[in-house]
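Structure file protein_26.cif with mmCIF, C-alpha atoms and all ligand atoms:
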```
data_data
#
loop_
_atom_site.label_atom_id
_atom_site.label_comp_id
_atom_site.auth_asym_id
_atom_site.auth_seq_id
_atom_site.Cartn_x
_atom_site.Cartn_y
_atom_site.Cartn_z
CA MET F 1 -34.26 -38.93 -72.49
CA GLU F 2 -35.27 -39.08 -68.83
CA LYS F 3 -32.51 -38.32 -66.38
CA ILE F 4 -32.23 -39.85 -62.92
CA LEU F 5 -30.91 -38.41 -59.67
CA VAL F 6 -28.49 -40.74 -57.87
CA SER F 7 -26.75 -40.57 -54.48
CA ARG F 8 -23.06 -39.97 -55.08
CA CYS F 9 -22.00 -42.65 -52.58
CA LEU F 10 -23.78 -45.26 -54.74
CA LEU F 11 -21.55 -44.24 -57.65
CA GLY F 12 -18.39 -45.04 -55.71
CA HIS F 13 -17.72 -41.45 -54.62
CA ARG F 14 -16.19 -41.57 -51.15
CA VAL F 15 -18.62 -39.11 -49.57
CA ARG F 16 -20.19 -41.25 -46.83
CA TYR F 17 -19.94 -39.85 -43.32
CA ASP F 18 -17.13 -42.33 -42.62
CA GLY F 19 -15.33 -41.67 -45.91
CA GLY F 20 -16.65 -44.84 -47.55
CA ALA F 21 -18.67 -45.52 -50.70
CA HIS F 22 -20.86 -48.22 -52.27
CA GLY F 23 -21.03 -50.08 -55.55
CA PRO F 24 -20.41 -50.54 -58.34
CA PHE F 25 -24.00 -51.28 -59.38
CA ASP F 26 -24.36 -52.48 -62.99
CA GLN F 27 -27.62 -50.62 -63.57
CA LEU F 28 -26.17 -47.33 -62.33
CA THR F 29 -23.06 -47.84 -64.47
CA LEU F 30 -25.30 -48.41 -67.51
CA TRP F 31 -27.33 -45.27 -66.79
CA GLN F 32 -24.10 -43.32 -66.42
CA SER F 33 -22.92 -44.57 -69.83
CA GLU F 34 -26.25 -43.39 -71.29
CA GLY F 35 -25.69 -39.94 -69.82
CA ARG F 36 -28.79 -40.15 -67.63
CA VAL F 37 -27.23 -39.77 -64.18
CA VAL F 38 -27.24 -36.54 -62.20
CA ALA F 39 -25.24 -37.18 -59.03
CA VAL F 40 -25.70 -35.51 -55.66
CA CYS F 41 -24.58 -35.96 -52.08
CA PRO F 42 -26.97 -33.75 -50.15
CA GLU F 43 -24.87 -33.70 -46.98
CA VAL F 44 -21.73 -32.55 -48.81
CA ALA F 45 -23.77 -30.15 -50.97
CA GLY F 46 -25.21 -28.74 -47.76
CA GLY F 47 -21.74 -27.86 -46.50
CA LEU F 48 -20.73 -30.81 -44.30
CA PRO F 49 -17.19 -32.23 -44.52
CA THR F 50 -16.16 -35.83 -45.22
CA PRO F 51 -15.60 -37.62 -42.94
CA ARG F 52 -18.21 -36.20 -40.58
CA PRO F 53 -20.02 -37.45 -37.47
CA ALA F 54 -22.98 -39.74 -38.10
CA ALA F 55 -26.32 -38.00 -37.68
CA GLU F 56 -29.84 -39.22 -36.95
CA ILE F 57 -33.30 -37.72 -36.44
CA PRO F 58 -34.42 -38.40 -32.87
CA GLY F 59 -38.17 -38.68 -32.48
CA GLY F 60 -38.98 -37.79 -36.05
CA GLN F 61 -38.44 -38.26 -39.76
CA GLY F 62 -37.24 -36.18 -42.68
CA VAL F 63 -40.69 -34.80 -43.29
CA GLN F 64 -40.79 -33.38 -39.77
CA VAL F 65 -37.37 -31.80 -40.28
CA LEU F 66 -38.73 -30.12 -43.42
CA ASP F 67 -41.57 -28.70 -41.36
CA GLY F 68 -39.36 -27.57 -38.46
CA GLN F 69 -40.83 -30.19 -36.11
CA ALA F 70 -37.69 -32.34 -35.68
CA ARG F 71 -33.94 -31.85 -35.88
CA VAL F 72 -31.00 -33.76 -37.31
CA LEU F 73 -28.42 -34.29 -34.57
CA THR F 74 -25.00 -35.88 -34.28
CA GLU F 75 -24.40 -38.28 -31.42
CA ALA F 76 -22.66 -35.41 -29.58
CA GLY F 77 -25.82 -33.34 -29.95
CA GLU F 78 -24.67 -30.95 -32.68
CA ASP F 79 -27.63 -29.70 -34.70
CA VAL F 80 -26.90 -30.18 -38.42
CA SER F 81 -30.48 -29.60 -39.60
CA THR F 82 -29.48 -26.45 -41.51
CA GLN F 83 -26.95 -28.33 -43.62
CA PHE F 84 -29.34 -31.23 -44.23
CA LEU F 85 -32.07 -28.83 -45.34
CA GLU F 86 -29.69 -26.94 -47.61
CA GLY F 87 -28.59 -30.24 -49.19
CA ALA F 88 -32.19 -31.23 -49.76
CA ARG F 89 -32.88 -27.88 -51.43
CA GLN F 90 -29.89 -28.35 -53.71
CA ALA F 91 -31.09 -31.83 -54.68
CA LEU F 92 -34.51 -30.36 -55.46
CA ALA F 93 -32.90 -27.63 -57.56
CA LEU F 94 -31.12 -30.32 -59.62
CA VAL F 95 -34.38 -32.20 -60.07
CA GLN F 96 -36.11 -29.05 -61.28
CA ARG F 97 -33.24 -28.04 -63.58
CA HIS F 98 -33.13 -31.44 -65.29
CA GLY F 99 -36.84 -32.30 -65.17
CA ILE F 100 -36.07 -35.41 -63.12
CA ARG F 101 -38.93 -37.67 -62.02
CA VAL F 102 -37.02 -40.72 -60.72
CA ALA F 103 -34.28 -40.90 -58.07
CA VAL F 104 -32.18 -43.73 -56.66
CA LEU F 105 -30.96 -42.73 -53.22
CA LYS F 106 -28.98 -44.63 -50.59
CA ALA F 107 -31.17 -46.69 -48.26
CA ARG F 108 -31.48 -45.80 -44.56
CA SER F 109 -29.56 -42.50 -44.69
CA PRO F 110 -30.95 -39.56 -42.67
CA SER F 111 -30.74 -37.61 -45.95
CA CYS F 112 -31.32 -40.18 -48.66
CA GLY F 113 -33.29 -43.05 -47.08
CA ASN F 114 -36.62 -43.60 -48.86
CA ARG F 115 -38.23 -46.18 -46.59
CA GLU F 116 -36.28 -46.44 -43.36
CA THR F 117 -33.93 -44.36 -41.26
CA TYR F 118 -32.42 -44.85 -37.81
CA ASP F 119 -34.31 -43.89 -34.69
CA GLY F 120 -31.95 -41.31 -33.23
CA SER F 121 -30.51 -43.54 -30.52
CA PHE F 122 -27.33 -44.34 -32.53
CA SER F 123 -27.89 -48.00 -31.67
CA GLY F 124 -28.63 -49.28 -35.18
CA GLN F 125 -32.38 -49.36 -34.54
CA LYS F 126 -34.29 -48.74 -37.78
CA VAL F 127 -37.66 -47.03 -38.12
CA ASN F 128 -39.98 -46.56 -41.08
CA GLY F 129 -39.75 -43.17 -42.74
CA GLU F 130 -37.72 -41.00 -45.10
CA GLY F 131 -34.58 -38.93 -44.80
CA VAL F 132 -34.71 -35.17 -45.33
CA THR F 133 -33.81 -35.11 -49.03
CA ALA F 134 -35.95 -38.14 -49.86
CA ALA F 135 -38.91 -36.49 -48.13
CA LEU F 136 -38.48 -33.20 -50.02
CA LEU F 137 -38.16 -34.97 -53.38
CA HIS F 138 -41.11 -37.22 -52.61
CA ARG F 139 -43.16 -34.13 -51.71
CA ALA F 140 -42.17 -32.66 -55.09
CA GLY F 141 -43.55 -35.72 -56.90
CA VAL F 142 -40.27 -37.56 -57.58
CA GLN F 143 -40.43 -41.36 -57.42
CA VAL F 144 -37.66 -42.26 -54.95
CA PHE F 145 -36.06 -45.72 -54.96
CA ASN F 146 -33.02 -47.13 -53.16
CA GLU F 147 -30.14 -49.34 -54.33
CA ASN F 148 -32.14 -52.47 -53.47
CA GLN F 149 -34.98 -51.39 -55.77
CA LEU F 150 -33.08 -50.89 -59.03
CA ALA F 151 -35.44 -53.13 -61.02
CA ALA F 152 -38.41 -51.02 -59.90
CA ALA F 153 -36.51 -47.82 -60.69
CA LEU F 154 -35.76 -49.16 -64.18
CA GLU F 155 -39.43 -49.97 -64.68
CA ALA F 156 -40.43 -46.46 -63.60
CA LEU F 157 -37.88 -44.90 -65.91
CA GLN F 158 -38.97 -47.04 -68.86
CA ALA F 159 -42.59 -46.05 -68.29
CA LEU F 160 -41.58 -42.38 -68.45
CA ASP F 161 -39.40 -42.91 -71.52
CA LEU F 162 -42.27 -44.34 -73.53
CA PRO F 163 -43.55 -41.96 -76.19
CA SER F 164 -46.88 -40.43 -75.16
FE1 LIG N 1 -24.32 -38.41 -49.33
FE2 LIG N 1 -26.80 -39.49 -49.36
FE3 LIG N 1 -24.66 -41.02 -49.70
FE4 LIG N 1 -25.14 -39.92 -47.31
S1 LIG N 1 -26.39 -41.44 -48.35
S2 LIG N 1 -23.16 -40.06 -48.36
S3 LIG N 1 -26.00 -37.95 -47.95
S4 LIG N 1 -25.31 -39.40 -51.07
#
```
Now that the file is in, can you turn its structure into structure tokens?
Amino acid sequence: MEKILVSRCLLGHRVRYDGGAHGPFDQLTLWQSEGRVVAVCPEVAGGLPTPRPAAEIPGGQGVQVLDGQARVLTEAGEDVSTQFLEGARQALALVQRHGIRVAVLKARSPSCGNRETYDGSFSGQKVNGEGVTAALLHRAGVQVFNENQLAAALEALQALDLPS
């Protein structure tokens, strides 16, 4: 049975930077009942506390952070790239351990966002691109969806579950 990596905050775990969480989402609850879900919060796994200052990637995207060409900064200018990269590595280790090929990660996060993040100005301005963990998983061949793409994630999972 295919397993699926899911952002912990989408499962109601209060690990968001502001101590909040999201959900419940019926599809995620169903996958949990089937024993498919492997949960991760990359920022907490990388050593950051909850709550913690919001962070963004000024002038870059997760893929540039992976390559050392951009940094993840808090609004006060603290560089948290090391923790974000460690969290991404831990998420990748989970993917490799469980043979995971599909992930559902929280939209627009500087770690988990799969299509958009914020532009680094802390003004709510969105830009196209991936967070650090999403970029590393994508690079490793994982299909990364967000909580607004659960139908597509289900379709991807079903395609993988079909007997070959
Ligand atoms: Fe953690 Fe990702 Fe959720 Fe942020 S979006 S709280 S890093 S699981």
Given all atoms listed in the file as the counted atoms, nearest of F:Glu34, F:Asp26, F:Asp67, F:Glu147 to ligand LIG 1 (chain N):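 Residue with the minimum atom-to-atom distance to ligand LIG 1 (chain N): F:Glu147.
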Padding of 4 Å on every side, edges along x, y and z, all listed atoms of ligand LIG 1 (chain N) included: what centre and edge lengths in Å, to one decimal, does that box have, as JSON?
```
{"center_x": -25.0, "center_y": -39.7, "center_z": -49.2, "size_x": 11.6, "size_y": 11.5, "size_z": 11.8}
```
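Going from atom CA of F:Gly20 to atom CA of F:Gly124 covers 17.8 Å.
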Closest of F:Gly59, F:Pro42, F:Gly77, F:Pro49 to ligand LIG 1 (chain N) - atom-to-atom distances counting only C-alpha atoms and all ligand atoms: F:Pro42
Nearby residues (all atoms listed in the file) at most 6 Å from F:Cys112, same-chain spacing under 6 positions excluded, as a list in words: Leu105, Lys106, Gly131, Thr133 and Ala134 of chain F
10 Å contact set for stretch 137-142 of chain F, all atoms listed in the file, chain neighbours under 6 positions out, as a PyMOL selection string: chain F and resi 4-5+63+88-89+91-93+95-96+99-103+112+114+130
Kindly export the residues of the current selection with C-alpha atoms, as a PDB file, in the frame of the given file.
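Generated output (again.pdb):
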```pdb
ATOM      1  CA  ILE F   4     -32.230 -39.850 -62.920  1.00  0.00           C
ATOM      2  CA  LEU F   5     -30.910 -38.410 -59.670  1.00  0.00           C
ATOM      3  CA  VAL F  63     -40.690 -34.800 -43.290  1.00  0.00           C
ATOM      4  CA  ALA F  88     -32.190 -31.230 -49.760  1.00  0.00           C
ATOM      5  CA  ARG F  89     -32.880 -27.880 -51.430  1.00  0.00           C
ATOM      6  CA  ALA F  91     -31.090 -31.830 -54.680  1.00  0.00           C
ATOM      7  CA  LEU F  92     -34.510 -30.360 -55.460  1.00  0.00           C
ATOM      8  CA  ALA F  93     -32.900 -27.630 -57.560  1.00  0.00           C
ATOM      9  CA  VAL F  95     -34.380 -32.200 -60.070  1.00  0.00           C
ATOM     10  CA  GLN F  96     -36.110 -29.050 -61.280  1.00  0.00           C
ATOM     11  CA  GLY F  99     -36.840 -32.300 -65.170  1.00  0.00           C
ATOM     12  CA  ILE F 100     -36.070 -35.410 -63.120  1.00  0.00           C
ATOM     13  CA  ARG F 101     -38.930 -37.670 -62.020  1.00  0.00           C
ATOM     14  CA  VAL F 102     -37.020 -40.720 -60.720  1.00  0.00           C
ATOM     15  CA  ALA F 103     -34.280 -40.900 -58.070  1.00  0.00           C
ATOM     16  CA  CYS F 112     -31.320 -40.180 -48.660  1.00  0.00           C
ATOM     17  CA  ASN F 114     -36.620 -43.600 -48.860  1.00  0.00           C
ATOM     18  CA  GLU F 130     -37.720 -41.000 -45.100  1.00  0.00           C
TER      19      GLU F 130
END
```
Counting only C-alpha atoms, the residue of F:Leu160, F:Ala45, F:Val6, F:Val72 that sits nearest F:Pro58: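 Closest to F:Pro58 of all the choices is F:Val72.
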Protein and nucleic acid residues within 8 Å of ligand LIG 1 (chain N) (all atoms listed in the file) as a ChimeraX atom specification: /F:6-10,14-17,21,40-44,105-113
Residue subset to file, keeping C-alpha atoms, as a CSV table (one decimal), in the coordinates of the input:
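The result, stored in again-v5.csv:
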```
chain,number,residue,atom,x,y,z
F,6,VAL,CA,-28.5,-40.7,-57.9
F,7,SER,CA,-26.8,-40.6,-54.5
F,8,ARG,CA,-23.1,-40.0,-55.1
F,9,CYS,CA,-22.0,-42.6,-52.6
F,10,LEU,CA,-23.8,-45.3,-54.7
F,14,ARG,CA,-16.2,-41.6,-51.2
F,15,VAL,CA,-18.6,-39.1,-49.6
F,16,ARG,CA,-20.2,-41.2,-46.8
F,17,TYR,CA,-19.9,-39.8,-43.3
F,21,ALA,CA,-18.7,-45.5,-50.7
F,40,VAL,CA,-25.7,-35.5,-55.7
F,41,CYS,CA,-24.6,-36.0,-52.1
F,42,PRO,CA,-27.0,-33.8,-50.2
F,43,GLU,CA,-24.9,-33.7,-47.0
F,44,VAL,CA,-21.7,-32.6,-48.8
F,105,LEU,CA,-31.0,-42.7,-53.2
F,106,LYS,CA,-29.0,-44.6,-50.6
F,107,ALA,CA,-31.2,-46.7,-48.3
F,108,ARG,CA,-31.5,-45.8,-44.6
F,109,SER,CA,-29.6,-42.5,-44.7
F,110,PRO,CA,-31.0,-39.6,-42.7
F,111,SER,CA,-30.7,-37.6,-46.0
F,112,CYS,CA,-31.3,-40.2,-48.7
F,113,GLY,CA,-33.3,-43.0,-47.1
```
Among listed residues F:Ser33, F:Asp79, F:Ala70, F:Gly19, nearest F:Arg52 (using only C-alpha atoms):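 Of the candidates, the smallest distance to F:Arg52 is held by F:Gly19.
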F:Leu66, F:Ala159, F:Val104, F:Leu94 ranked by distance to F:Leu11, top pick (using all atoms listed in the file):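 Once distances to F:Leu11 are computed over all atoms listed in the file, the minimum belongs to F:Val104.
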Which of F:Gly120, F:His98, F:Gly60, F:Gly46 sits closest to F:Thr74 [using all atoms listed in the file]: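 Nearest to F:Thr74: F:Gly120.
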